[in-house]
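Trainee: Have a peek at my_file-v1.pdb (PDB, C-alpha atoms, pLDDT in the B column).
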```
MODEL        1
ATOM      1  CA  MET A 107     -98.475   8.025  -4.509  1.00 54.00           C
ATOM      2  CA  ARG A 108     -96.732   8.724  -1.193  1.00 52.00           C
ATOM      3  CA  PHE A 109     -94.925   5.421  -1.454  1.00 46.00           C
ATOM      4  CA  VAL A 110     -93.447   6.433  -4.835  1.00 42.00           C
ATOM      5  CA  PHE A 111     -92.422   9.825  -3.423  1.00 45.00           C
ATOM      6  CA  TYR A 112     -90.630   8.168  -0.471  1.00 47.00           C
ATOM      7  CA  LEU A 113     -88.853   5.770  -2.834  1.00 45.00           C
ATOM      8  CA  ILE A 114     -87.606   8.687  -4.946  1.00 53.00           C
ATOM      9  CA  VAL A 115     -86.384  10.582  -1.853  1.00 49.00           C
ATOM     10  CA  LEU A 116     -84.676   7.452  -0.536  1.00 48.00           C
ATOM     11  CA  GLY A 117     -83.027   6.922  -3.921  1.00 49.00           C
ATOM     12  CA  VAL A 118     -81.688  10.493  -3.992  1.00 47.00           C
ATOM     13  CA  PHE A 119     -80.216  10.147  -0.482  1.00 51.00           C
ATOM     14  CA  ALA A 120     -78.734   6.753  -1.313  1.00 48.00           C
ATOM     15  CA  SER A 121     -77.075   8.032  -4.494  1.00 47.00           C
ATOM     16  CA  CYS A 122     -75.588  10.973  -2.585  1.00 49.00           C
ATOM     17  CA  ALA A 123     -74.250   8.640   0.091  1.00 49.00           C
ATOM     18  CA  PHE A 124     -72.536   6.399  -2.482  1.00 58.00           C
ATOM     19  CA  ASN A 125     -70.530   9.363  -3.811  1.00 83.00           C
ATOM     20  CA  LYS A 126     -69.019  10.044  -0.406  1.00 91.00           C
ATOM     21  CA  GLN A 127     -65.872   8.664   1.189  1.00 92.00           C
ATOM     22  CA  SER A 128     -66.121   7.422   4.772  1.00 94.00           C
ATOM     23  CA  ILE A 129     -63.325   8.923   6.900  1.00 95.00           C
ATOM     24  CA  VAL A 130     -62.454   9.329  10.565  1.00 96.00           C
ATOM     25  CA  LEU A 131     -61.786  12.858  11.821  1.00 95.00           C
ATOM     26  CA  ASN A 132     -59.351  12.920  14.731  1.00 95.00           C
ATOM     27  CA  SER A 133     -59.261  16.204  16.697  1.00 95.00           C
ATOM     28  CA  GLN A 134     -56.157  16.880  18.747  1.00 95.00           C
ATOM     29  CA  LEU A 135     -53.997  19.515  20.393  1.00 94.00           C
ATOM     30  CA  HIS A 136     -50.269  19.733  19.719  1.00 94.00           C
ATOM     31  CA  HIS A 137     -48.351  20.739  22.859  1.00 92.00           C
ATOM     32  CA  SER A 138     -44.854  22.126  22.553  1.00 90.00           C
ATOM     33  CA  HIS A 139     -42.199  22.277  25.279  1.00 89.00           C
ATOM     34  CA  CYS A 140     -43.087  25.168  27.609  1.00 88.00           C
ATOM     35  CA  GLY A 141     -40.012  25.439  29.785  1.00 82.00           C
ATOM     36  CA  GLY A 142     -39.022  23.906  33.074  1.00 84.00           C
ATOM     37  CA  ALA A 143     -36.504  21.088  32.768  1.00 86.00           C
ATOM     38  CA  PRO A 144     -34.216  21.273  29.738  1.00 89.00           C
ATOM     39  CA  PRO A 145     -35.955  19.586  26.802  1.00 87.00           C
ATOM     40  CA  THR A 146     -34.906  16.193  25.521  1.00 88.00           C
ATOM     41  CA  GLU A 147     -34.956  15.396  21.819  1.00 87.00           C
ATOM     42  CA  GLU A 148     -38.331  13.741  22.394  1.00 86.00           C
ATOM     43  CA  THR A 149     -39.898  16.703  24.234  1.00 86.00           C
ATOM     44  CA  ILE A 150     -38.607  19.208  21.653  1.00 87.00           C
ATOM     45  CA  LYS A 151     -40.955  17.543  19.124  1.00 90.00           C
ATOM     46  CA  GLY A 152     -43.925  18.097  21.421  1.00 89.00           C
ATOM     47  CA  TYR A 153     -46.840  15.723  21.776  1.00 90.00           C
ATOM     48  CA  ASP A 154     -50.480  15.424  20.712  1.00 92.00           C
ATOM     49  CA  THR A 155     -53.500  14.861  22.946  1.00 92.00           C
ATOM     50  CA  PRO A 156     -57.114  14.131  21.963  1.00 93.00           C
ATOM     51  CA  ASN A 157     -59.388  17.162  22.043  1.00 93.00           C
ATOM     52  CA  ASP A 158     -63.142  17.710  21.970  1.00 94.00           C
ATOM     53  CA  MET A 159     -64.101  20.558  19.665  1.00 94.00           C
ATOM     54  CA  ASP A 160     -66.737  21.968  17.400  1.00 95.00           C
ATOM     55  CA  VAL A 161     -65.534  22.353  13.817  1.00 95.00           C
ATOM     56  CA  ILE A 162     -66.769  23.903  10.611  1.00 95.00           C
ATOM     57  CA  ILE A 163     -65.693  22.028   7.481  1.00 95.00           C
ATOM     58  CA  VAL A 164     -65.925  23.926   4.198  1.00 95.00           C
ATOM     59  CA  GLY A 165     -65.402  22.522   0.722  1.00 94.00           C
ATOM     60  CA  LYS A 166     -66.674  23.134  -2.798  1.00 92.00           C
ATOM     61  CA  LYS A 167     -68.618  19.861  -2.848  1.00 87.00           C
ATOM     62  CA  ASP A 168     -69.538  19.400   0.818  1.00 88.00           C
ATOM     63  CA  SER A 169     -69.668  21.431   4.046  1.00 91.00           C
ATOM     64  CA  MET A 170     -70.753  20.682   7.600  1.00 93.00           C
ATOM     65  CA  VAL A 171     -70.701  21.801  11.206  1.00 94.00           C
ATOM     66  CA  LEU A 172     -70.095  19.081  13.768  1.00 93.00           C
ATOM     67  CA  LYS A 173     -68.829  18.229  17.218  1.00 95.00           C
ATOM     68  CA  ILE A 174     -65.864  15.892  17.464  1.00 92.00           C
ATOM     69  CA  ALA A 175     -65.212  14.140  20.776  1.00 92.00           C
ATOM     70  CA  GLY A 176     -61.654  13.002  20.007  1.00 91.00           C
ATOM     71  CA  THR A 177     -62.710  11.090  16.885  1.00 94.00           C
ATOM     72  CA  ARG A 178     -65.770  11.004  14.676  1.00 95.00           C
ATOM     73  CA  LYS A 179     -66.651   9.033  11.579  1.00 95.00           C
ATOM     74  CA  VAL A 180     -68.160  11.105   8.746  1.00 95.00           C
ATOM     75  CA  LYS A 181     -68.796  10.844   5.019  1.00 95.00           C
ATOM     76  CA  LEU A 182     -67.482  13.558   2.705  1.00 94.00           C
ATOM     77  CA  LYS A 183     -67.301  13.881  -1.045  1.00 95.00           C
ATOM     78  CA  LYS A 184     -63.837  13.637  -2.544  1.00 93.00           C
ATOM     79  CA  GLY A 185     -62.122  17.014  -2.778  1.00 94.00           C
ATOM     80  CA  SER A 186     -60.272  19.712  -0.850  1.00 95.00           C
ATOM     81  CA  TYR A 187     -61.540  21.129   2.440  1.00 96.00           C
ATOM     82  CA  ARG A 188     -60.692  23.856   4.934  1.00 96.00           C
ATOM     83  CA  TRP A 189     -61.617  23.591   8.583  1.00 96.00           C
ATOM     84  CA  TYR A 190     -62.271  26.182  11.269  1.00 96.00           C
ATOM     85  CA  GLN A 191     -62.876  26.059  15.018  1.00 95.00           C
ATOM     86  CA  GLY A 192     -66.582  26.341  15.786  1.00 94.00           C
ATOM     87  CA  ASP A 193     -65.943  29.425  17.937  1.00 94.00           C
ATOM     88  CA  LYS A 194     -65.170  31.363  14.771  1.00 94.00           C
ATOM     89  CA  ALA A 195     -68.899  31.419  13.992  1.00 94.00           C
ATOM     90  CA  LYS A 196     -69.645  33.312  17.222  1.00 94.00           C
ATOM     91  CA  GLU A 197     -70.131  37.065  17.352  1.00 96.00           C
ATOM     92  CA  THR A 198     -66.930  39.029  18.053  1.00 95.00           C
ATOM     93  CA  ASN A 199     -68.454  40.805  21.062  1.00 95.00           C
ATOM     94  CA  ASP A 200     -69.520  37.465  22.561  1.00 95.00           C
ATOM     95  CA  LEU A 201     -65.998  36.089  22.182  1.00 94.00           C
ATOM     96  CA  LEU A 202     -64.462  39.207  23.726  1.00 94.00           C
ATOM     97  CA  GLY A 203     -66.924  39.103  26.627  1.00 94.00           C
ATOM     98  CA  SER A 204     -66.105  35.461  27.266  1.00 93.00           C
ATOM     99  CA  LEU A 205     -62.366  36.170  27.265  1.00 93.00           C
ATOM    100  CA  GLU A 206     -62.803  39.136  29.619  1.00 93.00           C
ATOM    101  CA  ASN A 207     -64.829  37.005  32.061  1.00 93.00           C
ATOM    102  CA  ASP A 208     -62.452  34.024  31.963  1.00 91.00           C
ATOM    103  CA  LEU A 209     -59.067  35.760  32.182  1.00 92.00           C
ATOM    104  CA  ASP A 210     -57.340  37.576  35.020  1.00 91.00           C
ATOM    105  CA  THR A 211     -54.708  40.337  35.055  1.00 90.00           C
ATOM    106  CA  ASN A 212     -52.000  37.932  33.853  1.00 92.00           C
ATOM    107  CA  TYR A 213     -53.410  38.240  30.326  1.00 94.00           C
ATOM    108  CA  VAL A 214     -53.953  41.040  27.812  1.00 94.00           C
ATOM    109  CA  ILE A 215     -56.709  40.748  25.193  1.00 94.00           C
ATOM    110  CA  GLU A 216     -55.707  42.271  21.862  1.00 95.00           C
ATOM    111  CA  GLY A 217     -59.206  43.445  20.891  1.00 92.00           C
ATOM    112  CA  PRO A 218     -61.948  43.098  18.268  1.00 96.00           C
ATOM    113  CA  ASP A 219     -59.737  43.707  15.197  1.00 96.00           C
ATOM    114  CA  CYS A 220     -57.542  40.770  16.181  1.00 96.00           C
ATOM    115  CA  ILE A 221     -60.599  38.556  16.811  1.00 96.00           C
ATOM    116  CA  ASN A 222     -62.080  39.462  13.409  1.00 96.00           C
ATOM    117  CA  GLU A 223     -58.792  38.629  11.665  1.00 96.00           C
ATOM    118  CA  TRP A 224     -58.524  35.332  13.607  1.00 96.00           C
ATOM    119  CA  LYS A 225     -62.042  34.367  12.507  1.00 95.00           C
ATOM    120  CA  LEU A 226     -61.072  34.698   8.822  1.00 94.00           C
ATOM    121  CA  ASN A 227     -58.044  32.387   9.025  1.00 96.00           C
ATOM    122  CA  LYS A 228     -58.549  28.677   8.497  1.00 96.00           C
ATOM    123  CA  ASP A 229     -57.214  26.318  11.154  1.00 96.00           C
ATOM    124  CA  GLY A 230     -56.201  23.709   8.618  1.00 96.00           C
ATOM    125  CA  ALA A 231     -56.849  22.039   5.307  1.00 96.00           C
ATOM    126  CA  PHE A 232     -57.139  18.476   4.071  1.00 95.00           C
ATOM    127  CA  THR A 233     -58.038  16.478   0.989  1.00 94.00           C
ATOM    128  CA  VAL A 234     -60.419  13.534   0.794  1.00 94.00           C
ATOM    129  CA  SER A 235     -59.621  10.903  -1.834  1.00 92.00           C
ATOM    130  CA  GLU A 236     -60.412   7.234  -2.337  1.00 92.00           C
ATOM    131  CA  LYS A 237     -57.314   6.456  -0.223  1.00 90.00           C
ATOM    132  CA  SER A 238     -58.341   8.691   2.722  1.00 90.00           C
ATOM    133  CA  ASP A 239     -59.209   7.000   5.978  1.00 91.00           C
ATOM    134  CA  THR A 240     -58.113   9.220   8.902  1.00 94.00           C
ATOM    135  CA  ILE A 241     -57.761  13.003   8.889  1.00 95.00           C
ATOM    136  CA  TYR A 242     -56.037  14.740  11.818  1.00 96.00           C
ATOM    137  CA  LEU A 243     -57.406  18.155  12.764  1.00 96.00           C
ATOM    138  CA  THR A 244     -54.618  19.576  14.924  1.00 95.00           C
ATOM    139  CA  LEU A 245     -54.695  22.835  16.866  1.00 95.00           C
ATOM    140  CA  GLU A 246     -51.529  24.332  18.340  1.00 94.00           C
ATOM    141  CA  TYR A 247     -51.724  24.540  22.117  1.00 94.00           C
ATOM    142  CA  LYS A 248     -49.589  27.569  22.970  1.00 93.00           C
ATOM    143  CA  CYS A 249     -47.705  27.876  26.231  1.00 91.00           C
ATOM    144  CA  TYR A 250     -49.724  29.659  28.948  1.00 91.00           C
ATOM    145  CA  ILE A 251     -52.669  30.595  26.687  1.00 93.00           C
ATOM    146  CA  GLY A 252     -53.739  27.265  25.198  1.00 91.00           C
ATOM    147  CA  THR A 253     -55.948  27.809  22.153  1.00 92.00           C
ATOM    148  CA  LEU A 254     -57.320  31.218  23.177  1.00 91.00           C
ATOM    149  CA  PRO A 255     -57.242  33.688  20.281  1.00 94.00           C
ATOM    150  CA  CYS A 256     -55.755  37.176  20.520  1.00 95.00           C
ATOM    151  CA  VAL A 257     -54.486  36.779  24.069  1.00 96.00           C
ATOM    152  CA  LYS A 258     -50.993  37.520  25.388  1.00 94.00           C
ATOM    153  CA  TYR A 259     -49.685  36.141  28.653  1.00 93.00           C
ATOM    154  CA  ILE A 260     -47.812  38.807  30.596  1.00 92.00           C
ATOM    155  CA  GLY A 261     -47.345  36.799  33.787  1.00 85.00           C
ATOM    156  CA  PRO A 262     -48.101  37.675  37.358  1.00 80.00           C
ATOM    157  CA  LYS A 263     -47.490  41.217  38.561  1.00 65.00           C
ATOM    158  CA  TYR A 264     -45.365  41.232  41.681  1.00 61.00           C
ATOM    159  CA  GLN A 265     -45.744  44.074  44.173  1.00 56.00           C
TER     160      GLN A 265
ENDMDL
END
```
Mind turning this structure into structure tokens?
Mentor:
Amino acid sequence: MRFVFYLIVLGVFASCAFNKQSIVLNSQLHHSHCGGAPPTEETIKGYDTPNDMDVIIVGKKDSMVLKIAGTRKVKLKKGSYRWYQGDKAKETNDLLGSLENDLDTNYVIEGPDCINEWKLNKDGAFTVSEKSDTIYLTLEYKCYIGTLPCVKYIGPKYQ
């Protein structure tokens, strides 16, 4: 009897796996020109670097939470998806406390309302189809603040 049960469970998992498309998720940061030497045409475009991040992928047919170390192969059902940084699942007070501990007087934190609004906004969207093979999850790396939410750089205070 157990053998039959295990065969049924295996069959269900196998049928679910066959309906999914195998894709590679590539997590990266896009860096723009942040001053210094005058930009060339190449540096005006910016550049991308691999990034390790936790992501939340949400779709009508499939959803998951996972860690991507530059790239990661996953299987998703065909359809449209939104993705969010994993930090958006953290409590607002925890995020604010972390920012307050990590930043010095060169930065101003905009507060809990800004954090709550940031948490609601998706970081990107993509579609999985039979032609999909690599999906790029790109975060903007902002000058002086990186990917920190709700933070303004005010620079050093000279006395």
Trainee: Grab the CA of Ser128 in chain A to CA of Leu182 in chain A distance for me, in Å with one decimal place.
Mentor: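 For CA of Ser128 in chain A relative to CA of Leu182 in chain A, the distance reads 6.6 Å.
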Trainee: Applying the PyMOL selection byres ((chain A and resi 190) around 6) to the file I just gave you, which residues come out? Please list them as a VMD selection string.
Mentor: chain A and resid 161 to 162 189 191 228 to 229
Trainee: In Å, with one decimal, what is the gap from CA of Lys166 in chain A to CA of Glu236 in chain A?
Mentor: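 The value is 17.1 Å.
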Trainee: Please write the residues picked by the PyMOL selection byres ((chain A and resi 200-205) around 10) on this file as a list in words.
Mentor: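 So the PyMOL selection byres ((chain A and resi 200-205) around 10), applied here, picks out Asp193, Lys194, Ala195, Lys196, Glu197, Thr198, Asn199, Glu206, Asn207, Asp208, Leu209, Asp210, Tyr213, Val214, Ile215, Glu216, Gly217, Pro218, Ile221, Leu254, Pro255, Cys256 and Val257 of chain A.
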Trainee: Please compute the CA of Glu147 in chain A-CA of Leu245 in chain A distance, one decimal, in Å.
Mentor: 21.7 Å
Trainee: Show me, as a list in words, the residues that have an atom within 8 Å of Ile174 in chain A when counting all atoms listed in the file, minus same-chain residues fewer than 5 positions from it.
Mentor: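 Returned residues: Leu131, Asn132, Ser133, Asp158, Met159, Asp160 and Val161 of chain A.
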Trainee: Can you list, as a list of chain:residue names, every protein, DNA or RNA residue that comes within 6 Å of Ile163 in chain A when you count all atoms listed in the file, leaving out same-chain residues fewer than 2 positions away?
Mentor: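 Contacts, in chain order: A:Ser169, A:Met170, A:Arg188, A:Trp189.
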Trainee: Taking into account only C-alpha atoms, which residue in the set A:Leu135, A:Cys140, A:Asn227, A:Val234 is nearest to Lys167 in chain A?
Mentor: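 Looking at the shortest contact to Lys167 in chain A, the residue is A:Val234.
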